[in-house]
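Student: protein.txt is the file, holding compact mmCIF, N, CA and C atoms:
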# COMPACT_ATOMS: atom_id res chain seq x y z
N GLN A 1 0.85 -1.19 0.00
CA GLN A 1 0.00 0.00 0.00
C GLN A 1 0.88 1.24 0.00
N VAL A 2 0.44 2.26 -0.70
CA VAL A 2 1.20 3.51 -0.76
C VAL A 2 1.22 4.16 0.61
N GLN A 3 2.38 4.65 1.01
CA GLN A 3 2.51 5.42 2.23
C GLN A 3 2.88 6.85 1.89
N LEU A 4 2.28 7.75 2.58
CA LEU A 4 2.66 9.15 2.42
C LEU A 4 3.97 9.40 3.13
N ARG A 5 4.62 10.48 2.79
CA ARG A 5 5.92 10.80 3.37
C ARG A 5 5.92 12.23 3.86
N GLU A 6 6.12 12.38 5.16
CA GLU A 6 6.17 13.71 5.76
C GLU A 6 7.62 14.19 5.87
N SER A 7 7.80 15.50 5.79
CA SER A 7 9.12 16.09 5.97
C SER A 7 8.96 17.51 6.51
N GLY A 8 10.06 18.06 6.98
CA GLY A 8 10.07 19.45 7.42
C GLY A 8 10.06 19.67 8.91
N GLY A 9 10.00 18.59 9.68
CA GLY A 9 10.02 18.75 11.12
C GLY A 9 11.37 19.23 11.61
N GLY A 10 11.42 19.58 12.89
CA GLY A 10 12.66 20.04 13.48
C GLY A 10 12.43 20.63 14.84
N VAL A 11 13.44 21.33 15.32
CA VAL A 11 13.38 21.99 16.62
C VAL A 11 13.30 23.49 16.39
N VAL A 12 12.37 24.13 17.07
CA VAL A 12 12.18 25.57 16.91
C VAL A 12 11.82 26.16 18.26
N GLN A 13 12.15 27.41 18.46
CA GLN A 13 11.78 28.09 19.71
C GLN A 13 10.32 28.51 19.66
N ALA A 14 9.74 28.65 20.82
CA ALA A 14 8.36 29.12 20.92
C ALA A 14 8.22 30.44 20.18
N GLY A 15 7.12 30.55 19.44
CA GLY A 15 6.89 31.74 18.62
C GLY A 15 7.41 31.61 17.20
N GLY A 16 8.18 30.57 16.94
CA GLY A 16 8.76 30.37 15.62
C GLY A 16 7.80 29.67 14.68
N SER A 17 8.33 29.35 13.49
CA SER A 17 7.52 28.75 12.43
C SER A 17 8.23 27.54 11.84
N LEU A 18 7.42 26.63 11.32
CA LEU A 18 7.91 25.50 10.55
C LEU A 18 6.91 25.23 9.43
N ARG A 19 7.41 24.63 8.37
CA ARG A 19 6.54 24.25 7.26
C ARG A 19 6.74 22.77 6.99
N LEU A 20 5.69 22.00 7.18
CA LEU A 20 5.74 20.57 6.92
C LEU A 20 5.19 20.29 5.53
N SER A 21 5.70 19.25 4.94
CA SER A 21 5.24 18.85 3.62
C SER A 21 4.91 17.37 3.62
N CYS A 22 3.90 17.02 2.85
CA CYS A 22 3.47 15.63 2.74
C CYS A 22 3.48 15.26 1.26
N ALA A 23 4.26 14.27 0.92
CA ALA A 23 4.37 13.84 -0.47
C ALA A 23 3.79 12.45 -0.63
N ALA A 24 3.40 12.17 -1.85
CA ALA A 24 2.80 10.86 -2.16
C ALA A 24 3.57 10.23 -3.31
N PRO A 25 4.69 9.61 -3.00
CA PRO A 25 5.50 9.02 -4.07
C PRO A 25 4.77 7.89 -4.77
N GLY A 26 4.71 8.01 -6.08
CA GLY A 26 4.14 6.93 -6.86
C GLY A 26 2.64 6.95 -7.00
N ARG A 27 1.99 7.95 -6.41
CA ARG A 27 0.53 7.97 -6.52
C ARG A 27 0.05 9.40 -6.35
N THR A 28 -1.05 9.73 -7.00
CA THR A 28 -1.65 11.04 -6.82
C THR A 28 -2.88 10.92 -5.94
N PHE A 29 -3.05 11.91 -5.08
CA PHE A 29 -4.25 11.98 -4.23
C PHE A 29 -5.05 13.23 -4.58
N ASN A 30 -5.02 13.60 -5.83
CA ASN A 30 -5.66 14.85 -6.25
C ASN A 30 -7.17 14.84 -6.15
N ILE A 31 -7.78 13.67 -5.95
CA ILE A 31 -9.24 13.64 -5.79
C ILE A 31 -9.62 13.18 -4.38
N ASN A 32 -8.66 13.26 -3.47
CA ASN A 32 -8.90 12.83 -2.09
C ASN A 32 -8.62 13.96 -1.12
N ALA A 33 -9.46 14.06 -0.11
CA ALA A 33 -9.14 14.98 0.98
C ALA A 33 -7.89 14.49 1.70
N MET A 34 -7.14 15.44 2.22
CA MET A 34 -5.90 15.12 2.93
C MET A 34 -5.95 15.78 4.31
N GLY A 35 -5.30 15.15 5.24
CA GLY A 35 -5.32 15.70 6.59
C GLY A 35 -3.98 15.61 7.28
N TRP A 36 -3.81 16.45 8.29
CA TRP A 36 -2.65 16.41 9.17
C TRP A 36 -3.13 16.06 10.58
N PHE A 37 -2.33 15.24 11.24
CA PHE A 37 -2.63 14.78 12.59
C PHE A 37 -1.35 14.87 13.40
N ARG A 38 -1.47 14.76 14.72
CA ARG A 38 -0.27 14.77 15.54
C ARG A 38 -0.47 13.88 16.75
N GLN A 39 0.64 13.42 17.29
CA GLN A 39 0.60 12.60 18.49
C GLN A 39 1.75 13.00 19.39
N ALA A 40 1.40 13.49 20.57
CA ALA A 40 2.39 13.86 21.57
C ALA A 40 2.65 12.66 22.47
N PRO A 41 3.81 12.63 23.13
CA PRO A 41 4.13 11.49 24.01
C PRO A 41 3.05 11.28 25.06
N GLY A 42 2.59 10.04 25.17
CA GLY A 42 1.59 9.70 26.18
C GLY A 42 0.17 10.12 25.84
N LYS A 43 -0.01 10.65 24.64
CA LYS A 43 -1.35 11.11 24.26
C LYS A 43 -1.81 10.39 22.99
N GLU A 44 -3.11 10.44 22.76
CA GLU A 44 -3.65 9.85 21.55
C GLU A 44 -3.42 10.77 20.35
N ARG A 45 -3.43 10.16 19.19
CA ARG A 45 -3.30 10.95 17.97
C ARG A 45 -4.53 11.84 17.82
N GLU A 46 -4.31 13.09 17.38
CA GLU A 46 -5.42 14.02 17.23
C GLU A 46 -5.38 14.71 15.87
N PHE A 47 -6.54 15.08 15.41
CA PHE A 47 -6.70 15.77 14.13
C PHE A 47 -6.23 17.21 14.28
N VAL A 48 -5.39 17.65 13.34
CA VAL A 48 -4.89 19.02 13.33
C VAL A 48 -5.66 19.86 12.31
N GLY A 49 -5.80 19.33 11.13
CA GLY A 49 -6.52 20.04 10.08
C GLY A 49 -6.49 19.25 8.80
N GLY A 50 -7.29 19.69 7.84
CA GLY A 50 -7.35 18.99 6.57
C GLY A 50 -7.88 19.89 5.47
N VAL A 51 -7.80 19.38 4.26
CA VAL A 51 -8.21 20.16 3.10
C VAL A 51 -8.93 19.25 2.12
N ASN A 52 -9.93 19.80 1.47
CA ASN A 52 -10.69 19.02 0.49
C ASN A 52 -9.85 18.71 -0.75
N TRP A 53 -10.35 17.81 -1.57
CA TRP A 53 -9.61 17.37 -2.74
C TRP A 53 -9.29 18.53 -3.67
N ASN A 54 -10.17 19.56 -3.70
CA ASN A 54 -9.96 20.69 -4.60
C ASN A 54 -9.25 21.85 -3.90
N GLY A 55 -8.83 21.65 -2.68
CA GLY A 55 -8.10 22.69 -1.97
C GLY A 55 -8.98 23.69 -1.25
N ASP A 56 -10.29 23.55 -1.39
CA ASP A 56 -11.21 24.51 -0.78
C ASP A 56 -11.53 24.14 0.67
N SER A 57 -12.03 25.13 1.38
CA SER A 57 -12.62 24.95 2.72
C SER A 57 -11.74 24.12 3.65
N PRO A 58 -10.54 24.57 3.93
CA PRO A 58 -9.74 23.83 4.92
C PRO A 58 -10.43 23.83 6.28
N LEU A 59 -10.22 22.76 6.99
CA LEU A 59 -10.82 22.56 8.31
C LEU A 59 -9.70 22.46 9.33
N TYR A 60 -9.83 23.16 10.46
CA TYR A 60 -8.77 23.17 11.46
C TYR A 60 -9.33 22.83 12.84
N ALA A 61 -8.51 22.16 13.61
CA ALA A 61 -8.85 21.97 15.01
C ALA A 61 -8.79 23.33 15.71
N GLU A 62 -9.59 23.49 16.73
CA GLU A 62 -9.70 24.78 17.41
C GLU A 62 -8.35 25.25 17.93
N PHE A 63 -7.51 24.33 18.38
CA PHE A 63 -6.26 24.74 19.03
C PHE A 63 -5.19 25.23 18.04
N VAL A 64 -5.45 25.15 16.72
CA VAL A 64 -4.48 25.67 15.75
C VAL A 64 -5.06 26.78 14.88
N LYS A 65 -6.32 27.09 15.07
CA LYS A 65 -6.95 28.13 14.23
C LYS A 65 -6.21 29.45 14.38
N GLY A 66 -5.94 30.07 13.25
CA GLY A 66 -5.25 31.35 13.25
C GLY A 66 -3.74 31.23 13.28
N ARG A 67 -3.22 30.01 13.52
CA ARG A 67 -1.77 29.81 13.59
C ARG A 67 -1.26 28.90 12.48
N PHE A 68 -2.05 27.90 12.11
CA PHE A 68 -1.64 26.92 11.11
C PHE A 68 -2.45 27.12 9.83
N ALA A 69 -1.85 26.77 8.71
CA ALA A 69 -2.56 26.85 7.43
C ALA A 69 -2.15 25.67 6.55
N ILE A 70 -3.15 25.07 5.93
CA ILE A 70 -2.92 23.92 5.06
C ILE A 70 -3.15 24.33 3.61
N SER A 71 -2.28 23.85 2.75
CA SER A 71 -2.44 24.15 1.33
C SER A 71 -2.06 22.93 0.51
N ARG A 72 -2.61 22.86 -0.69
CA ARG A 72 -2.28 21.77 -1.61
C ARG A 72 -1.50 22.33 -2.79
N ASP A 73 -0.54 21.58 -3.25
CA ASP A 73 0.18 21.91 -4.47
C ASP A 73 0.01 20.71 -5.40
N LYS A 74 -0.97 20.80 -6.29
CA LYS A 74 -1.27 19.64 -7.13
C LYS A 74 -0.16 19.38 -8.13
N ALA A 75 0.51 20.42 -8.57
CA ALA A 75 1.61 20.22 -9.51
C ALA A 75 2.72 19.41 -8.88
N GLU A 76 2.97 19.66 -7.58
CA GLU A 76 4.02 18.94 -6.87
C GLU A 76 3.48 17.70 -6.17
N ASN A 77 2.15 17.52 -6.18
CA ASN A 77 1.52 16.39 -5.50
C ASN A 77 1.87 16.37 -4.02
N THR A 78 1.77 17.55 -3.39
CA THR A 78 2.08 17.67 -1.97
C THR A 78 0.96 18.42 -1.25
N VAL A 79 0.90 18.19 0.04
CA VAL A 79 0.04 18.96 0.93
C VAL A 79 0.93 19.52 2.02
N ASN A 80 0.82 20.82 2.27
CA ASN A 80 1.73 21.49 3.18
C ASN A 80 0.99 22.01 4.41
N LEU A 81 1.73 22.04 5.51
CA LEU A 81 1.20 22.58 6.76
C LEU A 81 2.14 23.67 7.24
N GLN A 82 1.71 24.90 7.11
CA GLN A 82 2.48 26.05 7.60
C GLN A 82 2.09 26.29 9.05
N MET A 83 3.06 26.21 9.93
CA MET A 83 2.81 26.37 11.36
C MET A 83 3.52 27.61 11.87
N ASN A 84 2.75 28.56 12.35
CA ASN A 84 3.28 29.81 12.88
C ASN A 84 2.95 29.93 14.36
N SER A 85 3.61 30.83 15.03
CA SER A 85 3.37 31.08 16.45
C SER A 85 3.35 29.78 17.24
N LEU A 86 4.36 28.97 17.03
CA LEU A 86 4.39 27.66 17.66
C LEU A 86 4.54 27.76 19.17
N LYS A 87 3.92 26.81 19.84
CA LYS A 87 3.94 26.76 21.30
C LYS A 87 4.56 25.43 21.74
N PRO A 88 5.10 25.37 22.94
CA PRO A 88 5.66 24.10 23.42
C PRO A 88 4.64 22.96 23.36
N GLU A 89 3.38 23.25 23.56
CA GLU A 89 2.35 22.20 23.51
C GLU A 89 2.08 21.69 22.10
N ASP A 90 2.68 22.31 21.11
CA ASP A 90 2.59 21.80 19.73
C ASP A 90 3.61 20.69 19.47
N THR A 91 4.48 20.45 20.42
CA THR A 91 5.48 19.39 20.28
C THR A 91 4.80 18.04 20.11
N ALA A 92 5.13 17.35 19.02
CA ALA A 92 4.49 16.08 18.71
C ALA A 92 5.12 15.52 17.44
N VAL A 93 4.77 14.28 17.14
CA VAL A 93 5.05 13.73 15.82
C VAL A 93 3.84 14.06 14.94
N TYR A 94 4.12 14.63 13.79
CA TYR A 94 3.06 15.05 12.89
C TYR A 94 2.98 14.07 11.72
N PHE A 95 1.75 13.66 11.42
CA PHE A 95 1.48 12.71 10.36
C PHE A 95 0.53 13.30 9.33
N CYS A 96 0.65 12.83 8.10
CA CYS A 96 -0.39 13.15 7.14
C CYS A 96 -1.06 11.85 6.70
N ALA A 97 -2.26 12.00 6.21
CA ALA A 97 -3.04 10.85 5.76
C ALA A 97 -4.04 11.32 4.71
N ALA A 98 -4.63 10.37 4.02
CA ALA A 98 -5.56 10.70 2.94
C ALA A 98 -6.87 9.95 3.13
N ASP A 99 -7.92 10.56 2.65
CA ASP A 99 -9.23 9.92 2.67
C ASP A 99 -9.26 8.86 1.56
N PRO A 100 -9.55 7.62 1.88
CA PRO A 100 -9.60 6.60 0.83
C PRO A 100 -10.77 6.77 -0.13
N LEU A 101 -11.78 7.57 0.28
CA LEU A 101 -12.93 7.80 -0.60
C LEU A 101 -12.72 9.09 -1.38
N PRO A 102 -12.70 9.03 -2.70
CA PRO A 102 -12.49 10.25 -3.48
C PRO A 102 -13.67 11.21 -3.36
N PHE A 103 -13.35 12.48 -3.43
CA PHE A 103 -14.34 13.57 -3.48
C PHE A 103 -15.16 13.75 -2.20
N ARG A 104 -14.93 12.96 -1.17
CA ARG A 104 -15.71 13.14 0.06
C ARG A 104 -15.24 14.41 0.77
N PRO A 105 -16.16 15.30 1.13
CA PRO A 105 -15.77 16.53 1.84
C PRO A 105 -15.16 16.19 3.20
N ILE A 106 -14.16 16.94 3.58
CA ILE A 106 -13.51 16.64 4.84
C ILE A 106 -14.32 17.14 6.01
N THR A 107 -14.43 16.30 7.01
CA THR A 107 -15.01 16.65 8.29
C THR A 107 -14.16 15.95 9.35
N GLU A 108 -14.34 16.31 10.60
CA GLU A 108 -13.60 15.61 11.65
C GLU A 108 -14.03 14.15 11.68
N GLN A 109 -15.28 13.88 11.36
CA GLN A 109 -15.75 12.50 11.33
C GLN A 109 -15.08 11.72 10.21
N SER A 110 -15.01 12.30 9.02
CA SER A 110 -14.40 11.57 7.89
C SER A 110 -12.91 11.33 8.15
N SER A 111 -12.28 12.22 8.89
CA SER A 111 -10.85 12.08 9.12
C SER A 111 -10.52 10.84 9.95
N THR A 112 -11.51 10.33 10.68
CA THR A 112 -11.26 9.14 11.51
C THR A 112 -11.06 7.89 10.66
N SER A 113 -11.40 7.95 9.35
CA SER A 113 -11.22 6.80 8.48
C SER A 113 -10.09 7.00 7.48
N PHE A 114 -9.28 8.02 7.70
CA PHE A 114 -8.17 8.28 6.80
C PHE A 114 -7.16 7.14 6.83
N ASP A 115 -6.43 7.03 5.73
CA ASP A 115 -5.49 5.92 5.56
C ASP A 115 -4.21 6.42 4.90
N PHE A 116 -3.34 5.49 4.54
CA PHE A 116 -2.09 5.78 3.83
C PHE A 116 -1.13 6.58 4.71
N TRP A 117 -1.12 6.27 5.99
CA TRP A 117 -0.33 7.00 6.96
C TRP A 117 1.16 6.93 6.65
N GLY A 118 1.83 8.07 6.84
CA GLY A 118 3.27 8.10 6.73
C GLY A 118 3.91 7.77 8.06
N GLN A 119 5.23 7.88 8.12
CA GLN A 119 5.98 7.58 9.34
C GLN A 119 5.98 8.74 10.33
N GLY A 120 5.64 9.90 9.84
CA GLY A 120 5.60 11.06 10.72
C GLY A 120 6.90 11.85 10.72
N THR A 121 6.80 13.09 11.17
CA THR A 121 7.98 13.94 11.32
C THR A 121 7.88 14.64 12.66
N GLN A 122 9.00 14.65 13.39
CA GLN A 122 9.01 15.20 14.75
C GLN A 122 9.10 16.72 14.73
N VAL A 123 8.22 17.33 15.50
CA VAL A 123 8.27 18.78 15.72
C VAL A 123 8.47 19.00 17.21
N THR A 124 9.51 19.74 17.55
CA THR A 124 9.81 20.05 18.94
C THR A 124 9.88 21.55 19.10
N VAL A 125 9.07 22.07 20.01
CA VAL A 125 9.04 23.51 20.27
C VAL A 125 9.58 23.75 21.67
N SER A 126 10.68 24.47 21.75
CA SER A 126 11.29 24.74 23.04
C SER A 126 10.80 26.06 23.61
N SER A 127 10.72 26.11 24.93
CA SER A 127 10.21 27.32 25.57
C SER A 127 11.32 28.30 25.87
Can the structure in the file be given as structure tokens, please?
Tutor:
Amino acid sequence: QVQLRESGGGVVQAGGSLRLSCAAPGRTFNINAMGWFRQAPGKEREFVGGVNWNGDSPLYAEFVKGRFAISRDKAENTVNLQMNSLKPEDTAVYFCAADPLPFRPITEQSSTSFDFWGQGTQVTVSS
């Protein structure tokens, strides 16, 4: 099965920015909603945000609204997560995933059935 590939993680000071990228080697997800998730040590994985197959109407978790932005680059076959004003509580492994059903609008409910998980990329925010 195709796995997505995340990149761009690292260590940053509080208030800083990072840009994560999610690539799909060998396959296009241009008709699938895509999402970003994260998992902090000792916590369950949680939905961060997602974008519809056409790039419209991104959906964000309340705790990242106004700080994070998701975009699609169909030419590059990537989905990006721009993270600004980072906080220590944003420290986690960040994953991307795709909706296996094409054209389905993204909701927090639909994100629970996402698949094609990558290995994740570590984001560490120091205080």
Student: Which residue, A:Val12, A:Cys96, A:Ala23, A:Val64, has the smallest gap to Asn77 (chain A) when you use only N, CA and C atoms?
Tutor: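 Using only N, CA and C atoms, the shortest distance to Asn77 (chain A) belongs to A:Ala23.
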Student: Counting only C-alpha atoms, which of A:Val93, A:Ala75, A:Val123, A:Ala33 gets nearest to Ile106 (chain A)?
Tutor: A:Ala33
Student: May I ask for the distance between CA of Leu59 (chain A) and CA of Asn30 (chain A), given in Å to one decimal place?
Tutor: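 One can read the CA of Leu59 (chain A) to CA of Asn30 (chain A) distance as 17.3 Å.
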Student: Could you give me, as a PDB file with N, CA and C atoms, keeping the file's coordinate frame, the residues within 6 Å of Pro100 (chain A), counting all atoms listed in the file and dropping anything in the same chain fewer than 3 positions from it?
Tutor:
ATOM      1  N   SER A 113     -11.400   7.950   9.350  1.00  0.00           N
ATOM      2  CA  SER A 113     -11.220   6.800   8.480  1.00  0.00           C
ATOM      3  C   SER A 113     -10.090   7.000   7.480  1.00  0.00           C
ATOM      4  N   PHE A 114      -9.280   8.020   7.700  1.00  0.00           N
ATOM      5  CA  PHE A 114      -8.170   8.280   6.800  1.00  0.00           C
ATOM      6  C   PHE A 114      -7.160   7.140   6.830  1.00  0.00           C
ATOM      7  N   ASP A 115      -6.430   7.030   5.730  1.00  0.00           N
ATOM      8  CA  ASP A 115      -5.490   5.920   5.560  1.00  0.00           C
ATOM      9  C   ASP A 115      -4.210   6.420   4.900  1.00  0.00           C
TER      10      ASP A 115
END
Student: Quote the spacing between atom C of Ile70 (chain A) and atom N of Gln82 (chain A) in Å to one decimal place.
Tutor: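 According to the coordinates, atom C of Ile70 (chain A) and atom N of Gln82 (chain A) are separated by 6.0 Å.
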Student: From a DSSP calculation on the backbone, collect every residue of region 17-120 of chain A in helix (DSSP H, G or I) and output the set as a list in words.
Tutor: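 Restricting region 17-120 of chain A to helix (DSSP H, G or I) produces Glu62, Phe63, Val64, Pro88, Glu89, Asp90, Glu108, Gln109, Ser110 and Ser111 of chain A.
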